[in-house]
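Colleague: Structure supplied as final26.pdb; contents: PDB, C-alpha atoms.
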```pdb
ATOM      1  CA  MET N   1     -63.250  24.120 -96.185
ATOM      2  CA  ALA N   2     -63.735  27.890 -96.021
ATOM      3  CA  ILE N   3     -63.856  29.642 -92.643
ATOM      4  CA  ALA N   4     -65.166  33.079 -91.690
ATOM      5  CA  VAL N   5     -64.833  34.590 -88.231
ATOM      6  CA  ILE N   6     -68.273  35.961 -87.433
ATOM      7  CA  ASN N   7     -69.290  37.530 -84.125
ATOM      8  CA  GLY N   8     -66.239  36.000 -82.483
ATOM      9  CA  GLY N   9     -66.803  32.457 -83.769
ATOM     10  CA  ARG N  10     -65.307  30.475 -86.635
ATOM     11  CA  ILE N  11     -68.022  29.414 -89.098
ATOM     12  CA  ARG N  12     -67.463  26.872 -91.848
ATOM     13  CA  TYR N  13     -69.139  27.519 -95.177
ATOM     14  CA  GLU N  14     -69.084  26.500 -98.830
ATOM     15  CA  LEU N  15     -69.940  28.751-101.762
ATOM     16  CA  ALA N  16     -70.669  27.464-105.256
ATOM     17  CA  GLY N  17     -72.576  28.231-108.437
ATOM     18  CA  SER N  18     -73.667  31.487-110.009
ATOM     19  CA  GLY N  19     -76.872  33.479-110.197
ATOM     20  CA  PRO N  20     -79.043  35.085-107.519
ATOM     21  CA  PRO N  21     -77.452  34.612-104.066
ATOM     22  CA  VAL N  22     -79.203  32.076-101.853
ATOM     23  CA  VAL N  23     -78.303  30.466 -98.535
ATOM     24  CA  VAL N  24     -79.703  27.119 -97.449
ATOM     25  CA  THR N  25     -79.959  26.015 -93.808
ATOM     26  CA  PRO N  26     -81.019  22.469 -92.846
ATOM     27  CA  GLY N  27     -83.263  21.381 -90.015
ATOM     28  CA  GLY N  28     -82.273  20.294 -86.536
ATOM     29  CA  ARG N  29     -78.632  20.789 -85.715
ATOM     30  CA  ALA N  30     -77.525  19.316 -89.016
ATOM     31  CA  GLY N  31     -74.553  20.654 -90.935
ATOM     32  CA  LEU N  32     -73.884  21.454 -94.572
ATOM     33  CA  GLU N  33     -72.768  17.889 -95.320
ATOM     34  CA  ASP N  34     -76.261  16.601 -94.514
ATOM     35  CA  ILE N  35     -77.861  18.476 -97.419
ATOM     36  CA  VAL N  36     -75.449  17.702-100.239
ATOM     37  CA  ALA N  37     -78.251  16.258-102.381
ATOM     38  CA  LEU N  38     -80.333  19.451-102.161
ATOM     39  CA  ARG N  39     -77.285  21.618-102.779
ATOM     40  CA  ARG N  40     -76.522  19.737-106.003
ATOM     41  CA  GLU N  41     -80.032  20.488-107.249
ATOM     42  CA  LEU N  42     -79.706  24.200-106.482
ATOM     43  CA  GLU N  43     -76.124  24.984-107.515
ATOM     44  CA  PRO N  44     -76.853  25.095-111.293
ATOM     45  CA  HIS N  45     -79.338  27.924-110.682
ATOM     46  CA  PHE N  46     -77.900  30.069-107.883
ATOM     47  CA  ARG N  47     -74.866  31.442-106.102
ATOM     48  CA  LEU N  48     -75.373  29.004-103.248
ATOM     49  CA  LEU N  49     -74.069  29.451 -99.708
ATOM     50  CA  ALA N  50     -74.192  26.439 -97.376
ATOM     51  CA  TRP N  51     -72.969  26.851 -93.822
ATOM     52  CA  ASP N  52     -72.536  25.171 -90.462
ATOM     53  CA  ARG N  53     -74.253  27.177 -87.761
ATOM     54  CA  ARG N  54     -72.315  27.366 -84.525
ATOM     55  CA  ASN N  55     -73.010  24.167 -82.555
ATOM     56  CA  THR N  56     -73.411  22.291 -85.853
ATOM     57  CA  GLY N  57     -70.968  20.623 -88.213
ATOM     58  CA  ALA N  58     -67.387  21.866 -87.983
ATOM     59  CA  SER N  59     -68.081  25.409 -86.816
ATOM     60  CA  ASP N  60     -67.175  26.673 -83.362
ATOM     61  CA  LEU N  61     -69.366  26.089 -80.356
ATOM     62  CA  TYR N  62     -71.590  28.818 -78.973
ATOM     63  CA  LEU N  63     -72.272  28.512 -75.242
ATOM     64  CA  GLY N  64     -73.411  32.036 -74.348
ATOM     65  CA  ARG N  65     -76.480  32.990 -72.359
ATOM     66  CA  ARG N  66     -78.324  34.841 -75.142
ATOM     67  CA  SER N  67     -80.643  32.805 -77.335
ATOM     68  CA  GLU N  68     -78.925  30.279 -79.578
ATOM     69  CA  GLN N  69     -81.685  30.747 -82.161
ATOM     70  CA  ARG N  70     -81.133  34.505 -82.319
ATOM     71  CA  GLN N  71     -77.377  34.013 -82.367
ATOM     72  CA  TRP N  72     -77.770  31.888 -85.486
ATOM     73  CA  ALA N  73     -79.815  34.626 -87.169
ATOM     74  CA  ASP N  74     -77.296  37.305 -86.230
ATOM     75  CA  ASP N  75     -74.427  35.122 -87.439
ATOM     76  CA  LEU N  76     -76.136  34.510 -90.772
ATOM     77  CA  ALA N  77     -76.730  38.219 -91.345
ATOM     78  CA  ALA N  78     -73.099  39.018 -90.592
ATOM     79  CA  LEU N  79     -71.867  36.137 -92.759
ATOM     80  CA  LEU N  80     -73.892  37.373 -95.736
ATOM     81  CA  VAL N  81     -72.395  40.832 -95.339
ATOM     82  CA  GLU N  82     -68.871  39.421 -94.909
ATOM     83  CA  LEU N  83     -69.192  37.409 -98.141
ATOM     84  CA  ASP N  84     -70.822  40.289-100.027
ATOM     85  CA  LEU N  85     -73.948  38.225-100.719
ATOM     86  CA  ALA N  86     -76.564  40.478 -99.137
ATOM     87  CA  PRO N  87     -79.387  40.766 -99.853
ATOM     88  CA  ALA N  88     -79.858  37.037-100.413
ATOM     89  CA  TRP N  89     -82.656  34.508-100.559
ATOM     90  CA  LEU N  90     -82.915  32.515 -97.321
ATOM     91  CA  LEU N  91     -84.003  28.897 -97.750
ATOM     92  CA  GLY N  92     -84.567  26.515 -94.871
ATOM     93  CA  GLY N  93     -86.449  23.581 -93.436
ATOM     94  CA  SER N  94     -87.546  23.197 -89.811
ATOM     95  CA  ALA N  95     -84.742  24.841 -87.769
ATOM     96  CA  GLY N  96     -83.523  26.239 -91.072
ATOM     97  CA  SER N  97     -86.865  27.942 -91.617
ATOM     98  CA  ARG N  98     -86.589  29.362 -88.105
ATOM     99  CA  VAL N  99     -83.145  30.818 -88.843
ATOM    100  CA  SER N 100     -84.511  32.263 -92.082
ATOM    101  CA  TYR N 101     -87.562  34.053 -90.706
ATOM    102  CA  LEU N 102     -85.648  35.230 -87.636
ATOM    103  CA  THR N 103     -82.991  36.754 -89.871
ATOM    104  CA  ALA N 104     -85.698  38.493 -91.888
ATOM    105  CA  ILE N 105     -87.199  39.866 -88.672
ATOM    106  CA  ARG N 106     -83.915  40.950 -87.068
ATOM    107  CA  HIS N 107     -81.943  41.933 -90.193
ATOM    108  CA  PRO N 108     -84.342  42.688 -93.055
ATOM    109  CA  GLU N 109     -81.654  44.533 -94.994
ATOM    110  CA  VAL N 110     -79.801  41.281 -95.794
ATOM    111  CA  VAL N 111     -82.872  39.389 -97.013
ATOM    112  CA  ARG N 112     -84.047  39.269-100.635
ATOM    113  CA  GLY N 113     -86.735  36.634-100.045
ATOM    114  CA  LEU N 114     -87.659  33.512 -98.078
ATOM    115  CA  VAL N 115     -88.547  29.911 -98.861
ATOM    116  CA  LEU N 116     -89.698  28.062 -95.740
ATOM    117  CA  TRP N 117     -90.583  24.391 -95.427
ATOM    118  CA  SER N 118     -91.208  22.046 -92.487
ATOM    119  CA  VAL N 119     -92.059  25.019 -90.282
ATOM    120  CA  SER N 120     -92.180  23.809 -86.692
ATOM    121  CA  GLY N 121     -94.466  25.153 -84.007
ATOM    122  CA  GLY N 122     -97.466  24.417 -81.848
ATOM    123  CA  PRO N 123     -97.502  22.853 -78.361
ATOM    124  CA  PHE N 124     -96.342  19.332 -79.243
ATOM    125  CA  SER N 125     -93.581  20.323 -81.661
ATOM    126  CA  SER N 126     -92.243  23.045 -79.365
ATOM    127  CA  GLN N 127     -92.265  20.720 -76.367
ATOM    128  CA  VAL N 128     -90.335  18.032 -78.238
ATOM    129  CA  LEU N 129     -87.790  20.446 -79.708
ATOM    130  CA  GLY N 130     -87.198  22.183 -76.387
ATOM    131  CA  TYR N 131     -86.446  18.825 -74.828
ATOM    132  CA  GLN N 132     -84.268  17.473 -77.652
ATOM    133  CA  TYR N 133     -82.172  20.606 -78.024
ATOM    134  CA  HIS N 134     -81.497  21.219 -74.346
ATOM    135  CA  VAL N 135     -82.497  18.681 -71.689
ATOM    136  CA  PRO N 136     -80.021  15.820 -72.392
ATOM    137  CA  TYR N 137     -77.068  18.230 -72.218
ATOM    138  CA  LEU N 138     -78.384  20.146 -69.245
ATOM    139  CA  ASP N 139     -78.796  16.851 -67.374
ATOM    140  CA  ALA N 140     -75.320  15.705 -68.426
ATOM    141  CA  ALA N 141     -73.754  18.919 -67.109
ATOM    142  CA  ARG N 142     -75.489  18.542 -63.771
ATOM    143  CA  ARG N 143     -74.654  14.869 -63.524
ATOM    144  CA  GLY N 144     -70.997  14.853 -64.550
ATOM    145  CA  GLY N 145     -69.878  18.356 -65.506
ATOM    146  CA  MET N 146     -68.569  19.311 -68.907
ATOM    147  CA  ALA N 147     -66.741  15.987 -69.281
ATOM    148  CA  ALA N 148     -70.136  14.277 -69.334
ATOM    149  CA  VAL N 149     -71.435  16.803 -71.861
ATOM    150  CA  ALA N 150     -68.441  16.063 -74.105
ATOM    151  CA  GLU N 151     -69.348  12.360 -74.043
ATOM    152  CA  THR N 152     -72.876  12.859 -75.383
ATOM    153  CA  PRO N 153     -73.123  11.776 -79.038
ATOM    154  CA  PHE N 154     -73.946  15.288 -80.229
ATOM    155  CA  PHE N 155     -71.072  17.090 -78.524
ATOM    156  CA  ALA N 156     -68.661  14.226 -79.202
ATOM    157  CA  ALA N 157     -69.378  14.754 -82.901
ATOM    158  CA  ARG N 158     -68.728  18.503 -82.572
ATOM    159  CA  LEU N 159     -65.337  17.806 -81.015
ATOM    160  CA  ALA N 160     -64.478  15.226 -83.668
ATOM    161  CA  GLU N 161     -65.312  17.632 -86.528
ATOM    162  CA  ASN N 162     -63.599  20.608 -84.877
ATOM    163  CA  PRO N 163     -61.011  19.592 -82.241
ATOM    164  CA  ALA N 164     -60.617  23.241 -81.199
ATOM    165  CA  ASN N 165     -64.077  22.949 -79.653
ATOM    166  CA  ALA N 166     -62.691  20.677 -76.944
ATOM    167  CA  GLU N 167     -60.899  23.503 -75.178
ATOM    168  CA  ALA N 168     -63.999  25.733 -75.229
ATOM    169  CA  LEU N 169     -66.161  22.955 -73.854
ATOM    170  CA  ARG N 170     -63.693  22.036 -71.094
ATOM    171  CA  ALA N 171     -63.396  25.683 -70.070
ATOM    172  CA  ALA N 172     -67.148  26.173 -69.696
ATOM    173  CA  ASP N 173     -68.625  26.306 -66.198
ATOM    174  CA  PRO N 174     -71.259  23.542 -65.841
ATOM    175  CA  GLU N 175     -73.649  25.753 -63.916
ATOM    176  CA  GLU N 176     -73.359  28.565 -66.457
ATOM    177  CA  PHE N 177     -73.819  26.070 -69.278
ATOM    178  CA  ALA N 178     -76.962  24.678 -67.651
ATOM    179  CA  ALA N 179     -78.289  28.194 -67.057
ATOM    180  CA  ALA N 180     -77.706  29.062 -70.725
ATOM    181  CA  LEU N 181     -79.628  26.012 -71.884
ATOM    182  CA  LEU N 182     -82.530  26.949 -69.628
ATOM    183  CA  GLU N 183     -82.603  30.384 -71.244
ATOM    184  CA  TRP N 184     -82.382  28.913 -74.750
ATOM    185  CA  ASP N 185     -85.304  26.664 -73.875
ATOM    186  CA  GLN N 186     -87.519  29.704 -73.352
ATOM    187  CA  ASP N 187     -87.643  30.107 -77.144
ATOM    188  CA  PHE N 188     -89.711  26.926 -77.302
ATOM    189  CA  MET N 189     -92.286  27.788 -74.655
ATOM    190  CA  PRO N 190     -95.620  28.204 -76.490
ATOM    191  CA  GLN N 191     -97.166  31.656 -76.085
ATOM    192  CA  PRO N 192    -100.669  32.794 -77.144
ATOM    193  CA  ASP N 193     -99.392  35.339 -79.695
ATOM    194  CA  THR N 194     -96.385  33.287 -80.851
ATOM    195  CA  PRO N 195     -97.405  30.849 -83.613
ATOM    196  CA  VAL N 196     -93.812  29.733 -84.230
ATOM    197  CA  PRO N 197     -90.782  29.608 -81.923
ATOM    198  CA  CYS N 198     -89.039  32.957 -81.521
ATOM    199  CA  ALA N 199     -91.525  35.044 -83.500
ATOM    200  CA  THR N 200     -94.769  36.748 -82.551
ATOM    201  CA  GLU N 201     -97.667  37.428 -84.868
ATOM    202  CA  ALA N 202     -96.482  41.046 -85.102
ATOM    203  CA  ASP N 203     -92.941  39.897 -85.980
ATOM    204  CA  LEU N 204     -94.213  37.765 -88.856
ATOM    205  CA  GLY N 205     -96.545  40.530 -89.978
ATOM    206  CA  GLY N 206     -93.570  42.859 -90.300
ATOM    207  CA  ILE N 207     -91.743  40.695 -92.865
ATOM    208  CA  ARG N 208     -91.729  42.438 -96.233
ATOM    209  CA  ALA N 209     -89.632  40.010 -98.267
ATOM    210  CA  PRO N 210     -91.281  37.782-100.910
ATOM    211  CA  THR N 211     -92.034  34.533 -99.103
ATOM    212  CA  LEU N 212     -92.957  30.995-100.132
ATOM    213  CA  VAL N 213     -94.333  28.750 -97.381
ATOM    214  CA  VAL N 214     -94.618  25.001 -97.980
ATOM    215  CA  GLU N 215     -97.570  23.253 -96.368
ATOM    216  CA  GLY N 216     -96.986  21.309 -93.153
ATOM    217  CA  ASN N 217     -98.314  17.775 -92.755
ATOM    218  CA  ASP N 218     -96.686  16.025 -89.778
ATOM    219  CA  LEU N 219     -96.688  16.332 -85.981
ATOM    220  CA  MET N 220     -93.441  18.268 -85.854
ATOM    221  CA  HIS N 221     -94.466  20.595 -88.691
ATOM    222  CA  PRO N 222     -98.258  20.756 -88.506
ATOM    223  CA  ALA N 223    -100.471  22.225 -91.175
ATOM    224  CA  PHE N 224    -101.884  24.929 -88.905
ATOM    225  CA  VAL N 225     -98.418  26.395 -88.260
ATOM    226  CA  ALA N 226     -97.539  26.821 -91.942
ATOM    227  CA  GLU N 227    -101.022  28.233 -92.511
ATOM    228  CA  ALA N 228    -100.482  30.780 -89.714
ATOM    229  CA  VAL N 229     -97.165  31.900 -91.212
ATOM    230  CA  HIS N 230     -98.785  32.185 -94.639
ATOM    231  CA  ARG N 231    -101.653  34.213 -93.182
ATOM    232  CA  LEU N 232     -99.410  36.563 -91.215
ATOM    233  CA  VAL N 233     -96.559  37.242 -93.659
ATOM    234  CA  PRO N 234     -97.940  39.812 -96.125
ATOM    235  CA  ASP N 235     -98.418  38.567 -99.692
ATOM    236  CA  SER N 236     -96.773  35.214 -98.978
ATOM    237  CA  VAL N 237     -97.481  32.239-101.234
ATOM    238  CA  MET N 238     -98.413  28.737-100.058
ATOM    239  CA  ALA N 239     -97.153  25.664-101.935
ATOM    240  CA  PRO N 240     -98.159  22.002-101.584
ATOM    241  CA  ASN N 241     -95.792  19.733 -99.709
ATOM    242  CA  PRO N 242     -93.743  17.505-102.056
ATOM    243  CA  TRP N 243     -93.755  14.620 -99.542
ATOM    244  CA  THR N 244     -96.405  13.041 -97.347
ATOM    245  CA  GLY N 245     -96.543  13.227 -93.581
ATOM    246  CA  GLU N 246     -95.973   9.489 -93.437
ATOM    247  CA  GLU N 247     -92.849   9.739 -95.589
ATOM    248  CA  PHE N 248     -91.399  12.347 -93.257
ATOM    249  CA  THR N 249     -92.382  10.486 -90.095
ATOM    250  CA  ASP N 250     -90.849   7.220 -91.322
ATOM    251  CA  ARG N 251     -87.499   8.980 -91.646
ATOM    252  CA  TYR N 252     -87.832  11.074 -88.507
ATOM    253  CA  ILE N 253     -88.477   8.101 -86.207
ATOM    254  CA  GLY N 254     -86.057   5.733 -87.961
ATOM    255  CA  ARG N 255     -88.611   3.463 -89.591
ATOM    256  CA  SER N 256     -86.857   4.216 -92.894
ATOM    257  CA  PRO N 257     -83.071   3.906 -93.337
ATOM    258  CA  GLU N 258     -83.003   7.346 -95.007
ATOM    259  CA  THR N 259     -82.840  10.589 -93.056
ATOM    260  CA  VAL N 260     -85.373  13.367 -93.503
ATOM    261  CA  PHE N 261     -82.769  15.211 -95.575
ATOM    262  CA  ALA N 262     -83.206  12.641 -98.339
ATOM    263  CA  LEU N 263     -86.577  14.311 -98.942
ATOM    264  CA  TYR N 264     -85.115  17.803 -99.350
ATOM    265  CA  PRO N 265     -84.281  17.556-103.092
ATOM    266  CA  ARG N 266     -88.019  17.338-103.758
ATOM    267  CA  VAL N 267     -88.410  20.953-102.646
ATOM    268  CA  ALA N 268     -85.788  22.143-105.150
ATOM    269  CA  PRO N 269     -88.242  22.661-108.073
ATOM    270  CA  LEU N 270     -90.449  24.811-105.827
ATOM    271  CA  ILE N 271     -87.433  26.893-104.813
ATOM    272  CA  VAL N 272     -86.118  27.330-108.362
ATOM    273  CA  ARG N 273     -89.525  28.282-109.740
ATOM    274  CA  PHE N 274     -90.423  30.745-106.982
ATOM    275  CA  VAL N 275     -87.048  32.464-106.836
ATOM    276  CA  THR N 276     -86.694  32.669-110.616
ATOM    277  CA  GLU N 277     -90.213  34.007-111.171
ATOM    278  CA  THR N 278     -89.882  36.502-108.333
ATOM    279  CA  GLU N 279     -86.512  37.741-109.584
ATOM    280  CA  GLU N 280     -87.983  38.253-113.049
ATOM    281  CA  SER N 281     -90.909  40.148-111.561
ATOM    282  CA  LEU N 282     -88.631  42.353-109.464
ATOM    283  CA  ARG N 283     -86.453  43.186-112.476
ATOM    284  CA  SER N 284     -89.484  44.252-114.482
ATOM    285  CA  VAL N 285     -90.676  46.745-111.879
TER     286      VAL N 285
END
```
Spell out the structure here as structure tokens.
Modeller:
Amino acid sequence: MAIAVINGGRIRYELAGSGPPVVVTPGGRAGLEDIVALRRELEPHFRLLAWDRRNTGASDLYLGRRSEQRQWADDLAALLVELDLAPAWLLGGSAGSRVSYLTAIRHPEVVRGLVLWSVSGGPFSSQVLGYQYHVPYLDAARRGGMAAVAETPFFAARLAENPANAEALRAADPEEFAAALLEWDQDFMPQPDTPVPCATEADLGGIRAPTLVVEGNDLMHPAFVAEAVHRLVPDSVMAPNPWTGEEFTDRYIGRSPETVFALYPRVAPLIVRFVTETEESLRSV
């Protein structure tokens, strides 16, 4: 397990393969272990960085007041510079797509290109994500302090994977923690000019990196959101979704024993083709 200290936090990462540098970020608050199958498909083609964002996997917790989503983007930019991988291709699904486009907006100098799938957004998706990411832990802090937060399945897993997180969690003030989560939740409040969480139409219109957007086809990643990103990001390319909305939903709600990450290897051929063809085009200019 490799560790880099980035913006004051310890971030776990793994680096493998050779070729154009790419970084892959999974959806939700999943860690690098959840996307092993996709990583195996990509490693023969790229210098592949997989990482645990803070508050995921075995990396350190982040409990500050500034946006968790923006912290992830800032951490990724600094990690790419630290590992001498910038500019790199940013690949991600759902929350991973959010990290990717936010990094391109906030730190364009570290971004070679983007591949975005399962792009979340719209009233229903944003409402659900805002609740899932914040409300259970906010309620736990108010009900039983940080000890109750530590007992939630998500934070219990963070402490098990990185025991050093226990001290940081115990030291946190419950009221400050709850206030931070309320601020983080603002990222998921739908706004008229904000087609995706954390990014306005103008933000997306300012992205200049080559971008592939995979069609959306489920309630959490609706078609109109991917279409809006494709329309707003200059010269972006839209690709068909390699799985059906029903296939995703079955895994998302637990009707299938597989997780949604079992679908991710299906996007690998799209990634390899787009990145390879774009790199060849850029070299010929």
Colleague: Each residue of stretch 47-152 of chain N with at least one atom at most 12 Å from stretch 256-266 of chain N should appear once, together with its nearest atom pair and the corresponding distance in Å (one decimal); atoms considered: all atoms listed in the file; ordering: chain, then increasing residue number; output as JSON lines.
Modeller:
```
{"residue": "N:Leu91", "atom": "CA", "partner": "N:Tyr264", "partner_atom": "CA", "distance": 11.3}
{"residue": "N:Gly92", "atom": "CA", "partner": "N:Tyr264", "partner_atom": "CA", "distance": 9.8}
{"residue": "N:Gly93", "atom": "CA", "partner": "N:Tyr264", "partner_atom": "CA", "distance": 8.4}
{"residue": "N:Ser94", "atom": "CA", "partner": "N:Val260", "partner_atom": "CA", "distance": 10.7}
{"residue": "N:Gly96", "atom": "CA", "partner": "N:Tyr264", "partner_atom": "CA", "distance": 11.9}
{"residue": "N:Leu116", "atom": "CA", "partner": "N:Tyr264", "partner_atom": "CA", "distance": 11.8}
{"residue": "N:Trp117", "atom": "CA", "partner": "N:Tyr264", "partner_atom": "CA", "distance": 9.4}
{"residue": "N:Ser118", "atom": "CA", "partner": "N:Tyr264", "partner_atom": "CA", "distance": 10.1}
```
Colleague: So which one's closest to N:Gln69, N:Leu282, N:Leu85, N:Ala239, N:Leu181? Using all atoms listed in the file, please.
Modeller: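 Smallest separation from N:Gln69 among the options: N:Leu181.
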Colleague: Since I can't run it myself right now, could you work out what the PyMOL selection byres ((chain N and resi 6) around 9) selects here and report it as a ChimeraX atom specification?
Modeller: /N:4-5,7-11,75-76,78-79,82
Colleague: One number please: atom CA of N:Trp51 to atom CA of N:Gly31, in Å, one decimal.
Modeller: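 Calculated distance between atom CA of N:Trp51 and atom CA of N:Gly31 is 7.0 Å.
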Colleague: Work out how far atom CA of N:Pro195 is from atom CA of N:Val135, in Å to one decimal.
Modeller: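 So the answer is 22.6 Å.
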Colleague: N, CA and C atoms are what I want for stretch 132-157 of chain N; can you complete it accordingly and write them as a PDB file, in the coordinates of the input?
Modeller:
```pdb
ATOM      1  N   GLN N 132     -85.372  18.053 -76.885  1.00  0.00           N
ATOM      2  CA  GLN N 132     -84.268  17.473 -77.652  1.00  0.00           C
ATOM      3  C   GLN N 132     -83.051  18.382 -77.693  1.00  0.00           C
ATOM      4  N   TYR N 133     -83.278  19.670 -77.870  1.00  0.00           N
ATOM      5  CA  TYR N 133     -82.172  20.606 -78.024  1.00  0.00           C
ATOM      6  C   TYR N 133     -81.427  20.884 -76.727  1.00  0.00           C
ATOM      7  N   HIS N 134     -82.069  20.698 -75.584  1.00  0.00           N
ATOM      8  CA  HIS N 134     -81.497  21.219 -74.346  1.00  0.00           C
ATOM      9  C   HIS N 134     -81.384  20.230 -73.201  1.00  0.00           C
ATOM     10  N   VAL N 135     -82.428  19.447 -72.946  1.00  0.00           N
ATOM     11  CA  VAL N 135     -82.497  18.681 -71.689  1.00  0.00           C
ATOM     12  C   VAL N 135     -81.396  17.635 -71.560  1.00  0.00           C
ATOM     13  N   PRO N 136     -81.080  16.827 -72.581  1.00  0.00           N
ATOM     14  CA  PRO N 136     -80.021  15.820 -72.392  1.00  0.00           C
ATOM     15  C   PRO N 136     -78.677  16.422 -71.977  1.00  0.00           C
ATOM     16  N   TYR N 137     -78.365  17.611 -72.485  1.00  0.00           N
ATOM     17  CA  TYR N 137     -77.068  18.230 -72.218  1.00  0.00           C
ATOM     18  C   TYR N 137     -77.086  18.969 -70.884  1.00  0.00           C
ATOM     19  N   LEU N 138     -78.225  19.532 -70.560  1.00  0.00           N
ATOM     20  CA  LEU N 138     -78.384  20.146 -69.245  1.00  0.00           C
ATOM     21  C   LEU N 138     -78.232  19.087 -68.161  1.00  0.00           C
ATOM     22  N   ASP N 139     -78.893  17.944 -68.342  1.00  0.00           N
ATOM     23  CA  ASP N 139     -78.796  16.851 -67.374  1.00  0.00           C
ATOM     24  C   ASP N 139     -77.370  16.317 -67.280  1.00  0.00           C
ATOM     25  N   ALA N 140     -76.695  16.207 -68.439  1.00  0.00           N
ATOM     26  CA  ALA N 140     -75.320  15.705 -68.426  1.00  0.00           C
ATOM     27  C   ALA N 140     -74.413  16.641 -67.640  1.00  0.00           C
ATOM     28  N   ALA N 141     -74.588  17.947 -67.824  1.00  0.00           N
ATOM     29  CA  ALA N 141     -73.754  18.919 -67.109  1.00  0.00           C
ATOM     30  C   ALA N 141     -73.971  18.818 -65.608  1.00  0.00           C
ATOM     31  N   ARG N 142     -75.194  18.648 -65.195  1.00  0.00           N
ATOM     32  CA  ARG N 142     -75.489  18.542 -63.771  1.00  0.00           C
ATOM     33  C   ARG N 142     -75.000  17.222 -63.189  1.00  0.00           C
ATOM     34  N   ARG N 143     -75.024  16.191 -64.000  1.00  0.00           N
ATOM     35  CA  ARG N 143     -74.654  14.869 -63.524  1.00  0.00           C
ATOM     36  C   ARG N 143     -73.140  14.693 -63.455  1.00  0.00           C
ATOM     37  N   GLY N 144     -72.424  15.144 -64.497  1.00  0.00           N
ATOM     38  CA  GLY N 144     -70.997  14.853 -64.550  1.00  0.00           C
ATOM     39  C   GLY N 144     -70.144  15.993 -65.056  1.00  0.00           C
ATOM     40  N   GLY N 145     -70.658  17.219 -65.048  1.00  0.00           N
ATOM     41  CA  GLY N 145     -69.878  18.356 -65.506  1.00  0.00           C
ATOM     42  C   GLY N 145     -69.679  18.338 -67.009  1.00  0.00           C
ATOM     43  N   MET N 146     -68.760  19.160 -67.471  1.00  0.00           N
ATOM     44  CA  MET N 146     -68.569  19.311 -68.907  1.00  0.00           C
ATOM     45  C   MET N 146     -67.946  18.066 -69.542  1.00  0.00           C
ATOM     46  N   ALA N 147     -67.266  17.246 -68.745  1.00  0.00           N
ATOM     47  CA  ALA N 147     -66.741  15.987 -69.281  1.00  0.00           C
ATOM     48  C   ALA N 147     -67.884  15.087 -69.726  1.00  0.00           C
ATOM     49  N   ALA N 148     -68.968  15.079 -68.960  1.00  0.00           N
ATOM     50  CA  ALA N 148     -70.136  14.277 -69.334  1.00  0.00           C
ATOM     51  C   ALA N 148     -70.823  14.856 -70.559  1.00  0.00           C
ATOM     52  N   VAL N 149     -70.860  16.172 -70.665  1.00  0.00           N
ATOM     53  CA  VAL N 149     -71.435  16.803 -71.861  1.00  0.00           C
ATOM     54  C   VAL N 149     -70.637  16.404 -73.095  1.00  0.00           C
ATOM     55  N   ALA N 150     -69.306  16.408 -72.973  1.00  0.00           N
ATOM     56  CA  ALA N 150     -68.441  16.063 -74.105  1.00  0.00           C
ATOM     57  C   ALA N 150     -68.654  14.635 -74.572  1.00  0.00           C
ATOM     58  N   GLU N 151     -69.146  13.767 -73.689  1.00  0.00           N
ATOM     59  CA  GLU N 151     -69.348  12.360 -74.043  1.00  0.00           C
ATOM     60  C   GLU N 151     -70.697  12.093 -74.687  1.00  0.00           C
ATOM     61  N   THR N 152     -71.600  13.068 -74.692  1.00  0.00           N
ATOM     62  CA  THR N 152     -72.876  12.859 -75.383  1.00  0.00           C
ATOM     63  C   THR N 152     -72.607  12.750 -76.882  1.00  0.00           C
ATOM     64  N   PRO N 153     -73.393  11.954 -77.602  1.00  0.00           N
ATOM     65  CA  PRO N 153     -73.123  11.776 -79.038  1.00  0.00           C
ATOM     66  C   PRO N 153     -73.063  13.082 -79.812  1.00  0.00           C
ATOM     67  N   PHE N 154     -73.933  14.039 -79.479  1.00  0.00           N
ATOM     68  CA  PHE N 154     -73.946  15.288 -80.229  1.00  0.00           C
ATOM     69  C   PHE N 154     -72.660  16.077 -80.021  1.00  0.00           C
ATOM     70  N   PHE N 155     -72.269  16.287 -78.768  1.00  0.00           N
ATOM     71  CA  PHE N 155     -71.072  17.090 -78.524  1.00  0.00           C
ATOM     72  C   PHE N 155     -69.804  16.323 -78.883  1.00  0.00           C
ATOM     73  N   ALA N 156     -69.818  15.010 -78.768  1.00  0.00           N
ATOM     74  CA  ALA N 156     -68.661  14.226 -79.202  1.00  0.00           C
ATOM     75  C   ALA N 156     -68.426  14.425 -80.701  1.00  0.00           C
ATOM     76  N   ALA N 157     -69.505  14.510 -81.461  1.00  0.00           N
ATOM     77  CA  ALA N 157     -69.378  14.754 -82.901  1.00  0.00           C
ATOM     78  C   ALA N 157     -68.832  16.145 -83.183  1.00  0.00           C
TER      79      ALA N 157
END
```
